[in-house]
Amino acid sequence: MGTRDTKLKRTTKEIFNQLKAGTVSLEYLNEIRKDNRKSVQTALTAYLKREEKQKMEILKYDEMTRFEKEIWAKGFEKIAGVDEVGRGPLAGPVVSAAVILPKAYKILGLNDSKQLSDKKRSQLYEEIQKYAVAIGIGIASVEEIDMFNIYHATKLAMQRAIDDLPVSCDYLCIDAMELDVNIPQLSVIKGDARSVSIAAASIIAKQTRDQMMRDYAKQFPGYGFEKNAGYGTRMHLEALHQFGVTPIHRKSFAPVKNLL
């Protein structure tokens with residue numbers, strides 16, 4: 001009789017909405033577990049999976065803040081994660097981002113931008129834009145890449161991203177690079193998968209560069225820049241031979257240089 005009364009009190013719609021709204025009490029879960037309606041049990045299973053996924057994301061976030069926590073413990077407050085995108089493509093600039101994340105808010109799901117789906121990366125990009133303390137963008141042009149080489153152009157883009165921050169940072173976490181700046185810094189190998197600050201920077205940089213390459217695709221159709229972001233895919237290489245070198249191609253890179 002008690003189970004029947006519970007069903008009368010809670011419609012399936014009410015249960016779905018409650019589970020969808022977020023974390024519920026253990027008492028409520030125990031009540032739902034006794035409900036023998038298949039749709040309710042399906043909703044409960046989905047809820048428990050979401051909760052487990054969130055717990056894992058929280059654990060990963062905490063693990064990925066170990067560098068930041070060590071730096072905060074030394075008295076530094078504004079840590080800028082710095083990363084770049086676009087060292088390997090045959091076309092387009094190299095783009096860097098510097099991101100200062102808040103201490104109090106966790107942007108769950110942060111990871112190396114290359115490991116994320118387009119949808120997840122886009123969602124995280126919007127969340128970073130909303131909650132980050134500060135974001136800076138730095139770009140090194142194709143001409144600068146050809147003039148200085150990609151390594152030095154990358155450092156130039158990173159420096160510009162730091163300079164573009166609307167607030168000053170007092171520490172840098174950089175993905176596998178060291179910069180000639182008067183700011184304490186830590187170079188982290190594979191930092192975009194090990195530091196939340198660097199991961200956030202990698203996402204901002206990739207989303208920014210991908211949009212630039214989509215814009216270039218309209219200006220230079222046929223190369224597939226909207227899909228390959230300037231990397232040397234088969235379609236891109238075939239287009240190079242068919243249509244020739246564009247102003248945004250890196251003329252110092254062998255496949256392009258060979259066509260000049």
# chains A, B, ... in the order shown; residues from 1 in each chain; ligands from 1

$ residues_around --residues "stretch 9-14 of chain A" --least-positions-apart "6" --cutoff "12 Å" --atoms "only C-alpha atoms" --output "VMD selection string"
chain A and resid 2 to 3 20 to 21 28 31 to 32 35 to 44

$ closest_atom_pairs --of "stretch 39-94 of chain A" --to "stretch 112-127 of chain A" --cutoff "12 Å" --atoms "only C-alpha atoms" --output "Markdown table"
| residue | atom | partner | partner_atom | distance |
| --- | --- | --- | --- | --- |
| A:Met64 | CA | A:Asp112 | CA | 11.1 |
| A:Asp83 | CA | A:Asp112 | CA | 10.1 |
| A:Glu84 | CA | A:Ser113 | CA | 10.6 |
| A:Val85 | CA | A:Ser113 | CA | 9.4 |
| A:Gly86 | CA | A:Lys114 | CA | 11.7 |

$ select_by_dssp --residues "stretch 41-135 of chain A" --states "strand (DSSP E or B)" --output "PyMOL selection string"
chain A and resi 79-85+91+94-100+134-135

$ residues_around --residues "stretch 146-156 of chain A" --least-positions-apart "2" --cutoff "8 Å" --atoms "only C-alpha atoms" --output "count of residues only"
19

$ closest_residue --among "A:Leu90, A:Ala46, A:Ala199, A:Ala73" --to "A:Phe253" --atoms "only C-alpha atoms"
A:Leu90

$ closest_residue --among "A:Val82, A:Leu101, A:Gln219, A:Leu165" --to "A:Ile198" --atoms "only C-alpha atoms"
A:Val82

$ closest_residue --among "A:Thr45, A:Asn182, A:Ser168, A:Asn258" --to "A:Gly136" --atoms "only C-alpha atoms"
A:Ser168

$ residues_around --residues "A:Ile174" --least-positions-apart "5" --cutoff "12 Å" --atoms "only C-alpha atoms" --output "ChimeraX atom specification"
/A:67-68,79-84,96-99,154-155,158-159,161-162,179,183-202

$ residues_around --residues "A:Met56" --least-positions-apart "6" --cutoff "10 Å" --atoms "only C-alpha atoms" --output "JSON, numbers by chain"
{"A": [50, 62, 108, 109]}

$ closest_residue --among "A:Ser141, A:Gln207, A:Ser25, A:Asn30" --to "A:Ile248" --atoms "only C-alpha atoms"
A:Ser141
